[in-house]
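Engineer: Input structure: protein-v3.txt, which contains compact mmCIF, C-alpha atoms and all ligand atoms.
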# COMPACT_ATOMS: atom_id res chain seq x y z
CA MET A 1 -30.88 -4.01 -0.02
CA PRO A 2 -27.94 -2.29 -1.71
CA VAL A 3 -24.67 -2.91 0.11
CA LEU A 4 -22.08 -0.26 0.96
CA VAL A 5 -18.58 -0.94 2.28
CA MET A 6 -17.07 1.66 4.62
CA LYS A 7 -13.48 1.24 5.83
CA PHE A 8 -12.06 3.25 8.73
CA GLY A 9 -8.27 3.49 9.09
CA GLY A 10 -6.29 3.68 12.31
CA THR A 11 -6.53 7.41 12.98
CA SER A 12 -10.26 7.31 12.29
CA VAL A 13 -10.79 4.80 15.13
CA ALA A 14 -7.98 5.96 17.42
CA THR A 15 -10.21 6.48 20.49
CA PRO A 16 -13.71 5.45 21.63
CA ASP A 17 -14.80 8.98 20.79
CA ARG A 18 -13.54 8.72 17.22
CA ILE A 19 -15.21 5.34 16.90
CA ARG A 20 -18.45 7.07 17.90
CA ARG A 21 -17.97 9.68 15.17
CA ALA A 22 -17.30 6.95 12.62
CA ALA A 23 -20.34 5.01 13.82
CA LYS A 24 -22.51 8.09 13.33
CA ARG A 25 -21.41 8.22 9.73
CA VAL A 26 -22.30 4.56 9.35
CA GLY A 27 -25.72 5.36 10.86
CA VAL A 28 -26.31 7.98 8.16
CA GLU A 29 -25.75 5.40 5.41
CA VAL A 30 -28.00 2.88 7.18
CA SER A 31 -30.76 5.50 7.29
CA LYS A 32 -30.40 5.87 3.49
CA GLY A 33 -31.38 2.21 3.17
CA TYR A 34 -28.00 0.47 2.83
CA ASP A 35 -26.85 -2.73 4.42
CA VAL A 36 -23.38 -1.64 5.51
CA ILE A 37 -20.19 -3.66 5.83
CA VAL A 38 -17.75 -1.77 8.03
CA ILE A 39 -14.08 -2.72 7.86
CA VAL A 40 -11.93 -1.46 10.72
CA SER A 41 -8.19 -1.09 11.25
CA ALA A 42 -6.46 -1.29 14.61
CA MET A 43 -6.45 1.93 16.64
CA ALA A 44 -3.64 4.27 15.49
CA GLY A 45 -0.23 3.05 16.67
CA LYS A 46 -1.56 -0.31 17.92
CA THR A 47 -0.12 -2.46 15.11
CA ASN A 48 3.32 -0.89 15.55
CA GLU A 49 3.13 -1.52 19.28
CA LEU A 50 2.22 -5.18 18.72
CA ILE A 51 5.06 -5.60 16.22
CA GLY A 52 7.40 -4.07 18.79
CA TRP A 53 6.31 -6.62 21.39
CA VAL A 54 6.93 -9.46 18.94
CA SER A 55 10.47 -8.24 18.20
CA GLU A 56 11.16 -7.74 21.90
CA THR A 57 10.11 -11.32 22.59
CA SER A 58 11.77 -13.15 19.71
CA ALA A 59 14.33 -12.07 17.11
CA MET A 60 13.71 -14.90 14.66
CA TYR A 61 9.99 -15.14 15.37
CA ASP A 62 7.51 -17.76 14.17
CA ALA A 63 5.57 -15.99 11.40
CA ARG A 64 2.33 -17.74 12.40
CA GLU A 65 2.50 -16.39 15.94
CA TYR A 66 3.46 -12.95 14.58
CA ASP A 67 0.20 -12.91 12.62
CA ALA A 68 -1.82 -14.18 15.59
CA ILE A 69 -0.48 -11.29 17.68
CA VAL A 70 -0.41 -8.50 15.12
CA SER A 71 -3.96 -9.18 13.88
CA SER A 72 -5.38 -8.68 17.38
CA GLY A 73 -5.52 -4.88 17.16
CA GLU A 74 -8.32 -5.08 14.60
CA ASN A 75 -10.33 -7.47 16.81
CA VAL A 76 -10.58 -4.86 19.54
CA THR A 77 -11.76 -2.13 17.17
CA ALA A 78 -14.31 -4.42 15.51
CA GLY A 79 -15.91 -5.25 18.87
CA LEU A 80 -15.89 -1.62 19.98
CA MET A 81 -17.46 -0.47 16.70
CA ALA A 82 -20.23 -3.08 16.96
CA LEU A 83 -20.93 -2.08 20.59
CA THR A 84 -21.02 1.60 19.66
CA LEU A 85 -23.51 0.94 16.87
CA GLN A 86 -25.68 -1.12 19.22
CA GLU A 87 -25.65 1.80 21.67
CA MET A 88 -27.06 3.89 18.80
CA ASP A 89 -29.81 1.27 18.25
CA VAL A 90 -28.29 0.17 14.96
CA PRO A 91 -28.41 -3.65 14.74
CA ALA A 92 -24.77 -4.67 14.33
CA ARG A 93 -22.31 -7.43 15.18
CA SER A 94 -18.61 -8.05 14.66
CA TRP A 95 -16.73 -10.77 12.78
CA GLN A 96 -13.06 -11.66 12.95
CA GLY A 97 -11.55 -12.81 9.66
CA TRP A 98 -11.68 -16.52 10.50
CA GLN A 99 -15.34 -16.32 11.47
CA VAL A 100 -16.50 -15.04 8.07
CA PRO A 101 -14.32 -16.81 6.88
CA VAL A 102 -11.85 -14.77 4.83
CA LYS A 103 -9.79 -17.56 3.26
CA THR A 104 -6.23 -16.62 2.38
CA THR A 105 -2.97 -18.13 1.18
CA SER A 106 -0.52 -19.29 3.85
CA THR A 107 2.11 -16.59 3.18
CA HIS A 108 2.15 -15.17 6.69
CA SER A 109 2.22 -11.37 6.98
CA ALA A 110 1.77 -11.06 3.20
CA ALA A 111 -1.21 -13.35 2.65
CA ARG A 112 -3.57 -12.93 -0.28
CA ILE A 113 -7.32 -13.27 -0.02
CA GLU A 114 -8.53 -16.27 -2.02
CA GLU A 115 -12.20 -16.36 -1.11
CA ILE A 116 -14.73 -14.69 1.15
CA LEU A 117 -17.74 -16.79 2.08
CA THR A 118 -20.74 -14.48 2.19
CA ASP A 119 -23.29 -16.88 3.73
CA SER A 120 -23.07 -16.07 7.44
CA ILE A 121 -23.12 -12.30 6.93
CA GLY A 122 -25.78 -12.54 4.21
CA ALA A 123 -28.02 -14.56 6.54
CA LYS A 124 -27.70 -11.93 9.27
CA PHE A 125 -28.57 -9.14 6.84
CA ALA A 126 -31.62 -11.15 5.78
CA ASP A 127 -32.48 -11.40 9.46
CA GLY A 128 -32.59 -7.62 9.96
CA MET A 129 -29.01 -6.88 10.97
CA LYS A 130 -27.95 -3.58 9.40
CA VAL A 131 -24.19 -3.46 9.90
CA ALA A 132 -21.57 -6.20 9.72
CA VAL A 133 -18.35 -5.01 11.34
CA ILE A 134 -15.29 -6.88 10.06
CA ALA A 135 -11.80 -6.87 11.56
CA GLY A 136 -9.63 -5.83 8.59
CA PHE A 137 -6.14 -7.01 7.67
CA GLN A 138 -6.69 -10.68 8.63
CA GLY A 139 -7.84 -14.06 7.37
CA ILE A 140 -7.38 -17.77 7.83
CA SER A 141 -5.13 -20.14 5.88
CA ALA A 142 -6.02 -23.63 4.63
CA GLU A 143 -3.99 -24.90 7.61
CA GLY A 144 -6.40 -23.10 9.93
CA ARG A 145 -3.89 -20.48 11.06
CA ILE A 146 -4.54 -16.75 11.36
CA THR A 147 -2.89 -14.75 8.58
CA THR A 148 -2.38 -11.02 7.90
CA LEU A 149 -2.35 -9.21 4.58
CA GLY A 150 0.67 -6.91 4.93
CA ARG A 151 0.82 -3.33 6.26
CA GLY A 152 -2.17 -1.29 5.19
CA GLY A 153 -4.04 -4.53 4.49
CA SER A 154 -7.43 -3.35 5.77
CA ASP A 155 -7.82 -1.45 2.49
CA THR A 156 -7.59 -4.78 0.71
CA THR A 157 -10.09 -6.40 3.08
CA ALA A 158 -12.49 -3.57 2.23
CA VAL A 159 -12.19 -3.91 -1.54
CA ALA A 160 -12.39 -7.70 -1.36
CA PHE A 161 -15.66 -7.48 0.63
CA ALA A 162 -17.02 -4.92 -1.82
CA ALA A 163 -16.30 -7.33 -4.67
CA ALA A 164 -17.69 -10.37 -2.84
CA PHE A 165 -20.95 -8.61 -1.89
CA GLY A 166 -21.34 -6.63 -5.13
CA ALA A 167 -21.30 -3.40 -3.10
CA GLU A 168 -22.45 -0.19 -4.70
CA ARG A 169 -19.26 1.53 -3.53
CA CYS A 170 -16.25 1.04 -1.29
CA ASP A 171 -15.46 4.14 0.76
CA ILE A 172 -12.05 4.38 2.43
CA TYR A 173 -12.28 6.82 5.35
CA THR A 174 -8.89 8.18 6.35
CA ASP A 175 -7.04 11.21 7.73
CA VAL A 176 -6.76 13.00 4.35
CA ASP A 177 -9.73 14.05 2.26
CA GLY A 178 -8.64 12.17 -0.85
CA VAL A 179 -5.74 11.18 -3.06
CA TYR A 180 -3.35 14.08 -3.63
CA THR A 181 -0.76 14.80 -6.32
CA THR A 182 1.78 13.80 -3.67
CA ASP A 183 1.79 13.20 0.07
CA PRO A 184 0.45 16.48 1.54
CA ARG A 185 2.72 15.93 4.55
CA VAL A 186 5.74 16.48 2.33
CA GLU A 187 4.41 19.08 -0.13
CA SER A 188 1.92 21.58 1.26
CA LYS A 189 0.99 22.62 -2.29
CA ALA A 190 -0.18 19.10 -3.12
CA ARG A 191 -3.60 19.20 -4.81
CA LYS A 192 -6.48 16.85 -4.18
CA LEU A 193 -7.58 14.93 -7.26
CA ASP A 194 -11.32 14.46 -7.87
CA LYS A 195 -10.63 11.33 -9.89
CA ILE A 196 -7.63 9.15 -10.56
CA SER A 197 -7.37 6.12 -12.85
CA TYR A 198 -6.86 2.64 -11.42
CA GLU A 199 -3.56 2.38 -13.34
CA GLU A 200 -2.13 5.58 -11.91
CA MET A 201 -3.29 4.79 -8.39
CA LEU A 202 -1.77 1.33 -8.68
CA GLU A 203 1.60 2.81 -9.64
CA LEU A 204 1.47 5.53 -6.96
CA ALA A 205 0.57 2.97 -4.29
CA SER A 206 3.22 0.49 -5.31
CA LEU A 207 5.82 3.29 -5.47
CA GLY A 208 5.16 4.39 -1.90
CA ALA A 209 1.93 6.43 -1.62
CA LYS A 210 0.50 4.55 1.33
CA VAL A 211 -2.97 6.12 1.16
CA LEU A 212 -4.15 2.81 -0.37
CA GLN A 213 -2.52 -0.60 -0.16
CA THR A 214 -1.35 -1.65 -3.64
CA ARG A 215 -3.25 -4.92 -3.56
CA SER A 216 -6.53 -3.11 -2.82
CA VAL A 217 -6.17 -1.09 -6.02
CA GLU A 218 -5.33 -4.22 -7.98
CA LEU A 219 -8.51 -5.90 -6.74
CA ALA A 220 -10.64 -2.80 -7.36
CA MET A 221 -9.35 -2.66 -10.92
CA ARG A 222 -9.98 -6.36 -11.54
CA TYR A 223 -13.50 -6.44 -10.07
CA LYS A 224 -14.47 -2.90 -11.16
CA VAL A 225 -15.13 -1.81 -7.59
CA LYS A 226 -16.08 1.86 -7.31
CA LEU A 227 -13.41 2.94 -4.85
CA ARG A 228 -13.48 6.28 -3.06
CA VAL A 229 -11.04 7.86 -0.60
CA VAL A 230 -12.67 10.31 1.83
CA SER A 231 -11.89 12.10 5.06
CA SER A 232 -13.39 10.81 8.27
CA PHE A 233 -12.84 14.20 9.89
CA GLU A 234 -14.81 16.46 7.57
CA GLU A 235 -18.46 16.47 6.61
CA GLN A 236 -18.88 14.61 3.35
CA SER A 237 -21.21 14.86 0.42
CA ASP A 238 -21.64 11.89 -1.90
CA ASP A 239 -19.15 13.27 -4.43
CA ALA A 240 -16.47 14.28 -1.91
CA GLY A 241 -13.01 12.79 -1.82
CA THR A 242 -11.30 11.06 -4.72
CA LEU A 243 -12.85 8.44 -6.95
CA VAL A 244 -10.51 5.76 -8.27
CA CYS A 245 -11.99 4.77 -11.63
CA ASP A 246 -11.41 3.79 -15.26
CA GLU A 247 -9.33 6.27 -17.22
CA GLU A 248 -12.24 6.70 -19.68
CA GLU A 249 -14.20 8.38 -16.89
CA ILE A 250 -11.57 11.11 -16.53
CA MET A 251 -12.03 13.91 -19.02
CA GLU A 252 -8.88 15.91 -18.48
CA SER A 253 -5.68 15.14 -16.70
CA ASN A 254 -2.10 16.32 -16.47
CA VAL A 255 0.65 14.35 -18.21
CA VAL A 256 2.02 13.63 -14.75
CA ALA A 257 -0.69 12.73 -12.22
CA GLY A 258 1.48 12.53 -9.14
CA VAL A 259 4.82 12.10 -7.42
CA ALA A 260 5.44 9.15 -5.09
CA PHE A 261 8.38 8.37 -2.87
CA SER A 262 9.68 5.56 -0.80
CA ARG A 263 12.02 6.48 2.00
CA ASP A 264 13.57 3.26 3.19
CA GLU A 265 15.38 1.88 0.18
CA ALA A 266 18.85 0.45 -0.21
CA LYS A 267 21.09 0.14 -3.25
CA MET A 268 23.28 -2.94 -3.34
CA THR A 269 26.09 -3.76 -5.74
CA LEU A 270 27.61 -7.18 -6.20
CA VAL A 271 31.11 -6.45 -7.42
CA SER A 272 32.85 -8.56 -10.03
CA VAL A 273 30.62 -11.47 -10.95
CA ALA A 274 31.13 -13.62 -14.05
CA ASP A 275 29.50 -12.18 -17.18
CA ARG A 276 27.92 -15.28 -18.63
CA PRO A 277 24.47 -16.82 -19.10
CA GLY A 278 22.85 -18.08 -15.92
CA ILE A 279 24.64 -15.82 -13.42
CA ALA A 280 21.83 -13.24 -13.19
CA ALA A 281 19.35 -16.08 -12.78
CA ASN A 282 21.45 -17.55 -9.96
CA ILE A 283 21.82 -14.20 -8.17
CA PHE A 284 18.15 -13.29 -8.28
CA THR A 285 16.94 -16.80 -7.50
CA ALA A 286 19.10 -16.76 -4.38
CA LEU A 287 17.83 -13.30 -3.39
CA SER A 288 14.23 -14.31 -3.91
CA GLU A 289 14.67 -17.51 -1.91
CA GLY A 290 16.31 -15.39 0.79
CA GLY A 291 13.18 -13.23 1.07
CA VAL A 292 14.61 -10.15 -0.65
CA ASN A 293 12.12 -8.13 -2.71
CA VAL A 294 14.30 -6.77 -5.47
CA ASP A 295 12.95 -3.68 -7.19
CA MET A 296 15.32 -1.96 -9.64
CA ILE A 297 18.10 -3.90 -11.40
CA VAL A 298 21.08 -2.60 -13.37
CA GLN A 299 23.84 -4.68 -14.90
CA ASN A 300 26.96 -2.64 -15.44
CA ILE A 301 29.29 -2.84 -18.44
CA ALA A 302 31.43 -5.97 -18.48
CA GLU A 303 35.20 -5.91 -18.58
CA GLU A 304 37.33 -8.98 -19.10
CA GLY A 305 34.44 -11.32 -18.51
CA ARG A 306 33.47 -9.79 -15.14
CA THR A 307 30.67 -7.35 -14.38
CA ASP A 308 28.91 -5.63 -11.45
CA MET A 309 25.25 -6.21 -10.68
CA THR A 310 23.25 -3.49 -8.89
CA TRP A 311 19.76 -3.74 -7.41
CA SER A 312 17.56 -1.94 -4.94
CA CYS A 313 15.52 -3.45 -2.13
CA PRO A 314 13.89 -2.33 1.14
CA VAL A 315 16.61 -1.28 3.57
CA ASP A 316 15.52 -3.81 6.20
CA GLN A 317 16.30 -6.62 3.75
CA VAL A 318 19.98 -5.75 3.30
CA LYS A 319 21.07 -8.32 5.86
CA HIS A 320 18.98 -11.01 4.16
CA ALA A 321 20.70 -10.14 0.87
CA HIS A 322 24.14 -10.53 2.47
CA VAL A 323 23.15 -13.94 3.82
CA ALA A 324 21.64 -15.04 0.48
CA MET A 325 24.74 -14.05 -1.53
CA LYS A 326 27.12 -15.72 0.92
CA ARG A 327 25.05 -18.87 0.73
CA ALA A 328 24.96 -18.80 -3.10
CA ALA A 329 28.74 -18.35 -3.17
CA GLY A 330 29.10 -21.22 -0.69
CA ASP A 331 26.96 -23.39 -2.97
CA GLY A 332 29.25 -22.50 -5.87
CA VAL A 333 26.48 -21.00 -8.06
CA ILE A 334 28.09 -17.54 -8.11
CA ASN A 335 31.39 -15.95 -7.09
CA TYR A 336 32.02 -12.28 -6.42
CA LYS A 337 34.52 -9.91 -4.88
CA GLU A 338 32.28 -8.00 -2.47
CA LEU A 339 28.71 -6.87 -1.83
CA ILE A 340 28.37 -3.14 -1.19
CA ALA A 341 25.24 -1.67 0.42
CA ASP A 342 24.22 1.98 0.28
CA GLU A 343 21.55 2.16 2.96
CA GLY A 344 20.85 5.89 2.61
CA VAL A 345 18.77 6.11 -0.54
CA ALA A 346 15.17 6.94 -1.39
CA LYS A 347 13.13 6.31 -4.51
CA ILE A 348 11.26 9.13 -6.20
CA SER A 349 8.79 8.43 -8.98
CA VAL A 350 6.61 10.46 -11.31
CA VAL A 351 3.47 8.72 -12.55
CA GLY A 352 0.96 9.55 -15.28
CA ILE A 353 -0.90 7.80 -18.08
CA GLY A 354 -0.20 10.91 -20.19
CA MET A 355 3.39 9.66 -20.50
CA ARG A 356 2.17 7.07 -23.00
CA SER A 357 1.65 9.81 -25.54
CA HIS A 358 3.98 12.60 -24.32
CA THR A 359 7.73 12.54 -24.64
CA GLY A 360 10.19 14.58 -22.61
CA VAL A 361 9.01 13.73 -19.11
CA ALA A 362 12.21 11.85 -18.25
CA ALA A 363 14.40 14.63 -19.65
CA LYS A 364 12.52 17.20 -17.60
CA MET A 365 12.67 15.10 -14.43
CA PHE A 366 16.45 14.60 -14.73
CA ARG A 367 16.98 18.32 -15.46
CA VAL A 368 14.97 19.36 -12.41
CA LEU A 369 17.01 17.05 -10.17
CA SER A 370 20.30 18.23 -11.64
CA ASP A 371 19.29 21.90 -11.16
CA GLU A 372 18.88 21.06 -7.47
CA GLY A 373 22.31 19.39 -7.44
CA ILE A 374 20.79 15.98 -6.78
CA ASN A 375 22.68 13.02 -8.18
CA ILE A 376 20.70 10.15 -9.70
CA LYS A 377 22.00 6.72 -8.72
CA VAL A 378 19.66 4.34 -10.57
CA ILE A 379 16.83 4.89 -13.06
CA THR A 380 13.96 2.66 -14.12
CA THR A 381 10.99 3.40 -16.34
CA SER A 382 7.77 1.81 -17.44
CA GLU A 383 5.04 3.00 -19.76
CA ILE A 384 3.49 5.32 -17.17
CA LYS A 385 6.24 5.97 -14.59
CA ILE A 386 9.84 7.00 -14.14
CA SER A 387 11.65 6.18 -10.90
CA VAL A 388 15.05 7.26 -9.65
CA LEU A 389 17.14 6.44 -6.61
CA ILE A 390 18.73 9.41 -4.89
CA ASP A 391 20.35 10.20 -1.54
CA ARG A 392 17.65 10.06 1.12
CA LYS A 393 18.58 13.47 2.51
CA TYR A 394 17.34 15.09 -0.71
CA MET A 395 14.01 13.25 -0.79
CA GLU A 396 11.73 16.09 0.31
CA LEU A 397 13.57 18.59 -1.86
CA ALA A 398 13.23 16.34 -4.91
CA VAL A 399 9.50 15.77 -4.34
CA GLN A 400 8.85 19.50 -3.98
CA ALA A 401 10.99 20.48 -6.98
CA LEU A 402 9.29 17.91 -9.22
CA HIS A 403 5.84 18.88 -7.97
CA ASP A 404 6.64 22.50 -8.90
CA ALA A 405 8.23 21.74 -12.25
CA PHE A 406 5.32 19.61 -13.45
CA GLU A 407 2.89 22.24 -12.09
CA LEU A 408 0.92 19.66 -10.18
CA ASP A 409 -0.63 22.31 -7.98
CA LYS A 410 -2.68 23.37 -11.00
CA ALA A 411 -5.33 21.30 -12.75
CA SER A 412 -4.77 21.04 -16.52
P1 LIG B 1 -5.20 4.90 7.38
O1 LIG B 1 -4.68 4.72 8.75
O2 LIG B 1 -6.51 5.61 7.33
O3 LIG B 1 -5.19 3.65 6.56
P2 LIG B 1 -2.74 5.74 6.09
O4 LIG B 1 -1.79 6.43 7.03
O5 LIG B 1 -2.48 4.33 5.75
O6 LIG B 1 -4.22 5.93 6.68
O7 LIG B 1 -2.84 6.56 4.73
C1 LIG B 1 -3.14 7.95 4.73
C2 LIG B 1 -1.84 8.75 4.60
O8 LIG B 1 -1.27 8.51 3.33
C3 LIG B 1 -2.03 10.24 4.64
O9 LIG B 1 -2.04 10.75 5.95
C4 LIG B 1 -0.85 10.76 3.83
O10 LIG B 1 0.20 11.24 4.65
C5 LIG B 1 -0.33 9.53 3.10
N1 LIG B 1 -0.20 9.75 1.66
C6 LIG B 1 0.90 9.40 0.93
N2 LIG B 1 0.75 9.75 -0.35
C7 LIG B 1 -0.47 10.32 -0.47
C8 LIG B 1 -1.20 10.88 -1.56
N3 LIG B 1 -0.71 10.91 -2.80
N4 LIG B 1 -2.44 11.38 -1.31
C9 LIG B 1 -2.95 11.34 -0.07
N5 LIG B 1 -2.31 10.84 1.01
C10 LIG B 1 -1.07 10.33 0.82
N1 LIG B 2 -3.44 -2.17 11.19
C1 LIG B 2 -2.75 -2.61 10.01
C2 LIG B 2 -1.54 -1.72 9.75
O1 LIG B 2 -1.30 -0.79 10.51
C3 LIG B 2 -3.63 -2.72 8.81
C4 LIG B 2 -4.27 -1.43 8.36
O2 LIG B 2 -4.38 -0.49 9.14
O3 LIG B 2 -4.69 -1.36 7.20
O4 LIG B 2 -0.82 -1.95 8.83
MG MG B 3 -3.67 2.63 5.49
Would it be possible to restate this file's structure as structure tokens?
Ligand code: ADP
Ligand code: ASP
Ligand code: MG
Structural biologist:
Amino acid sequence: MPVLVMKFGGTSVATPDRIRRAAKRVGVEVSKGYDVIVIVSAMAGKTNELIGWVSETSAMYDAREYDAIVSSGENVTAGLMALTLQEMDVPARSWQGWQVPVKTTSTHSAARIEEILTDSIGAKFADGMKVAVIAGFQGISAEGRITTLGRGGSDTTAVAFAAAFGAERCDIYTDVDGVYTTDPRVESKARKLDKISYEEMLELASLGAKVLQTRSVELAMRYKVKLRVVSSFEEQSDDAGTLVCDEEEIMESNVVAGVAFSRDEAKMTLVSVADRPGIAANIFTALSEGGVNVDMIVQNIAEEGRTDMTWSCPVDQVKHAHVAMKRAAGDGVINYKELIADEGVAKISVVGIGMRSHTGVAAKMFRVLSDEGINIKVITTSEIKISVLIDRKYMELAVQALHDAFELDKAS
């Protein structure tokens, strides 16, 4: 039997009634002759609630217990989905990650899937079961502990199962009807894309578009999984939604495919460090060991053998950065005057594979921001994206102005 993977996000399984609607959709695919693997998220808001309980209980929590707790939301939905399908006379059962098993690394709350053993599910399909319901977002480490895959990780579970079972397609059912030129919650003129390349989707996701977890796009690209984003609230035809695919499959596209943003960024500047070989290595080694995910980096002009080093990181890691730099100074591997944190910045990015062959995108982006009186604090570029840090209060304005200026509401 051909296999189909269907993933339902939190809002799509928020209540027993919504689970019933999702299950009906699964039933339609079963009636077409598919063996279906359903990946479920926790009910909307559940994961946040569980995280809140962890923080309330322990400030410096044990990451293994965090994962044991936070993964539980998906277990509930998986059981409810299997029960609902059974009520509809569709042969189904649920699996938690460890039961499959979904083997992962031991990096708690950011684990990576290493292997999915297909035997137990395959045997059940051979036995006449029609739907395997899998709790998304979770796995088991070599040490036998429950792990989670990072926020939005059920997308990655879905793509990994699609790859492991050679699924015909991986459909991501969510609360929007596809991938848009930017988050439709911020720009009402955002346009749904029929297709987007893996490369562009990867950049958009990693730059803040949370419609797909970055790692899921990476896996889809590597294993050539046909990945589709569709609405769970509207009736769907087979070509609805957005297909994430090879760029060769896209006939026409705009130079800029989309605008992404990330709200909770911080800009940090280490003032007056020695300007000599090895210092940058020492700073960023210490930050990495301190659990700080550094994104942009700028080294300022040196004067009299001293320089300033600026980087950006998620705002909730600012305190870790302070600790890491104090420790490095204490160890004598760096010395500096002060560490300044600007916790009120956001990152705005424009993304498009057309930038490989078109010049002038950066100039236009900077002009648009300056026309709105928005100051740019840090800039980084790659072959297919340009990102800037700006004051967070201008984030929405910047997204809308860029969306307008690059005419993203119109197809090329
Ligand atoms: P789920 O719970 O189904 O996993 P998410 O909340 O993780 O859903 O992702 C869907 C949300 O992603 C949408 O509601 C939308 O606000 C947001 N989003 C951000 N950028 C985009 C984009 N470019 N296209 C579509 N949705 C986007
Ligand atoms: N429930 C998890 C989260 O909220 C995983 C997911 O929904 O993809 O991050
Ligand atoms: Mg999600």
Engineer: Which residues, written as an MDAnalysis selection string, have at least one atom at most 8 Å from A:Leu408, with all atoms listed in the file counted and residues fewer than 2 positions away on the same chain left out?
Structural biologist: chainID A and resid 181 190:191 254 256:258 403:406 410:411
Engineer: Could you give me, as a CSV table (one decimal) with C-alpha atoms, in the frame of the given file, every polymer residue with an atom at most 8 Å away from an atom of ligand LIG 1 (chain B), counting all atoms listed in the file?
Structural biologist:
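Output below, filename out_18.csv:
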chain,number,residue,atom,x,y,z
A,8,PHE,CA,-12.1,3.2,8.7
A,9,GLY,CA,-8.3,3.5,9.1
A,10,GLY,CA,-6.3,3.7,12.3
A,11,THR,CA,-6.5,7.4,13.0
A,12,SER,CA,-10.3,7.3,12.3
A,41,SER,CA,-8.2,-1.1,11.2
A,44,ALA,CA,-3.6,4.3,15.5
A,152,GLY,CA,-2.2,-1.3,5.2
A,154,SER,CA,-7.4,-3.4,5.8
A,155,ASP,CA,-7.8,-1.4,2.5
A,172,ILE,CA,-12.0,4.4,2.4
A,173,TYR,CA,-12.3,6.8,5.4
A,174,THR,CA,-8.9,8.2,6.4
A,175,ASP,CA,-7.0,11.2,7.7
A,176,VAL,CA,-6.8,13.0,4.4
A,177,ASP,CA,-9.7,14.0,2.3
A,178,GLY,CA,-8.6,12.2,-0.8
A,179,VAL,CA,-5.7,11.2,-3.1
A,180,TYR,CA,-3.4,14.1,-3.6
A,181,THR,CA,-0.8,14.8,-6.3
A,182,THR,CA,1.8,13.8,-3.7
A,183,ASP,CA,1.8,13.2,0.1
A,184,PRO,CA,0.4,16.5,1.5
A,185,ARG,CA,2.7,15.9,4.6
A,186,VAL,CA,5.7,16.5,2.3
A,192,LYS,CA,-6.5,16.8,-4.2
A,204,LEU,CA,1.5,5.5,-7.0
A,205,ALA,CA,0.6,3.0,-4.3
A,208,GLY,CA,5.2,4.4,-1.9
A,209,ALA,CA,1.9,6.4,-1.6
A,210,LYS,CA,0.5,4.6,1.3
A,211,VAL,CA,-3.0,6.1,1.2
A,212,LEU,CA,-4.2,2.8,-0.4
A,213,GLN,CA,-2.5,-0.6,-0.2
A,258,GLY,CA,1.5,12.5,-9.1
A,259,VAL,CA,4.8,12.1,-7.4
A,260,ALA,CA,5.4,9.2,-5.1
Engineer: Quote the spacing between atom CA of A:Val28 and atom CA of A:Val5 in Å to one decimal place.
Structural biologist: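 Atom CA of A:Val28 sits 13.2 Å away from atom CA of A:Val5.
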Engineer: Counting all atoms listed in the file, figure out which residue out of A:Ala341, A:Val368, A:Met129, A:Ala167 gets nearest to A:Leu402.
Structural biologist: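 Comparing A:Ala341, A:Val368, A:Met129, A:Ala167 against A:Leu402, the winner is A:Val368.
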Engineer: Measuring atom to atom with all atoms listed in the file, identify which of A:Phe137, A:Tyr61, A:Phe161, A:Tyr223 is nearest to ligand MG 3 (chain B).
Structural biologist: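 Ranked by minimum distance to ligand MG 3 (chain B), first place goes to A:Phe137.
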Engineer: From the options A:Arg151, A:His358, A:Arg367, A:Lys124, which residue's atoms come nearest to ligand MG 3 (chain B), counting all atoms listed in the file?
Structural biologist: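 Among the listed residues, the smallest separation from ligand MG 3 (chain B) belongs to A:Arg151.
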Engineer: Between A:Leu149, A:Ala274, A:Leu83, A:Val318, which has the minimum distance to ligand LIG 2 (chain B) (counting all atoms listed in the file)?
Structural biologist: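 Once distances to ligand LIG 2 (chain B) are computed over all atoms listed in the file, the minimum belongs to A:Leu149.
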Engineer: Given the point (21.9, 9.2, -4.4) in the file's coordinates, find the residues that have an atom at most 10 Å from it, counting only C-alpha atoms, and give them as a PyMOL selection string.
Structural biologist: chain A and resi 267+342+344-347+374-378+388-395
Engineer: For atom CA of A:Asn282 and atom CA of A:Leu207, determine how far apart the two atoms are, in Å to one decimal place.
Structural biologist: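 So the two atoms, atom CA of A:Asn282 and atom CA of A:Leu207, lie 26.4 Å apart.
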Engineer: List the neighbours of A:Ala220 out to 12 Å using only C-alpha atoms; skip same-chain residues closer than 6 positions along the sequence, and give me the result as number ranges by chain.
Structural biologist: A: 155-164, 166-167, 169-171, 197-199, 201-202, 212-214, 226-228, 243-246
Engineer: List the neighbours of A:Gln96 out to 9 Å using only C-alpha atoms; skip same-chain residues closer than 3 positions along the sequence, and give me the result as a compact mmCIF listing (two decimals) with C-alpha atoms, keeping the file's coordinate frame.
Structural biologist:
# COMPACT_ATOMS: atom_id res chain seq x y z
CA GLU A 74 -8.32 -5.08 14.60
CA ASN A 75 -10.33 -7.47 16.81
CA ALA A 78 -14.31 -4.42 15.51
CA GLN A 99 -15.34 -16.32 11.47
CA VAL A 100 -16.50 -15.04 8.07
CA PRO A 101 -14.32 -16.81 6.88
CA VAL A 102 -11.85 -14.77 4.83
CA VAL A 133 -18.35 -5.01 11.34
CA ILE A 134 -15.29 -6.88 10.06
CA ALA A 135 -11.80 -6.87 11.56
CA GLY A 136 -9.63 -5.83 8.59
CA GLN A 138 -6.69 -10.68 8.63
CA GLY A 139 -7.84 -14.06 7.37
Engineer: Between A:Ile121, A:Leu4, A:Met81, A:Val76, single out the one closest to A:Ala23, counting all atoms listed in the file.
Structural biologist: A:Met81
Engineer: Please compute the atom CA of A:Ala42-atom CA of A:Gly153 distance, one decimal, in Å.
Structural biologist: 10.9 Å
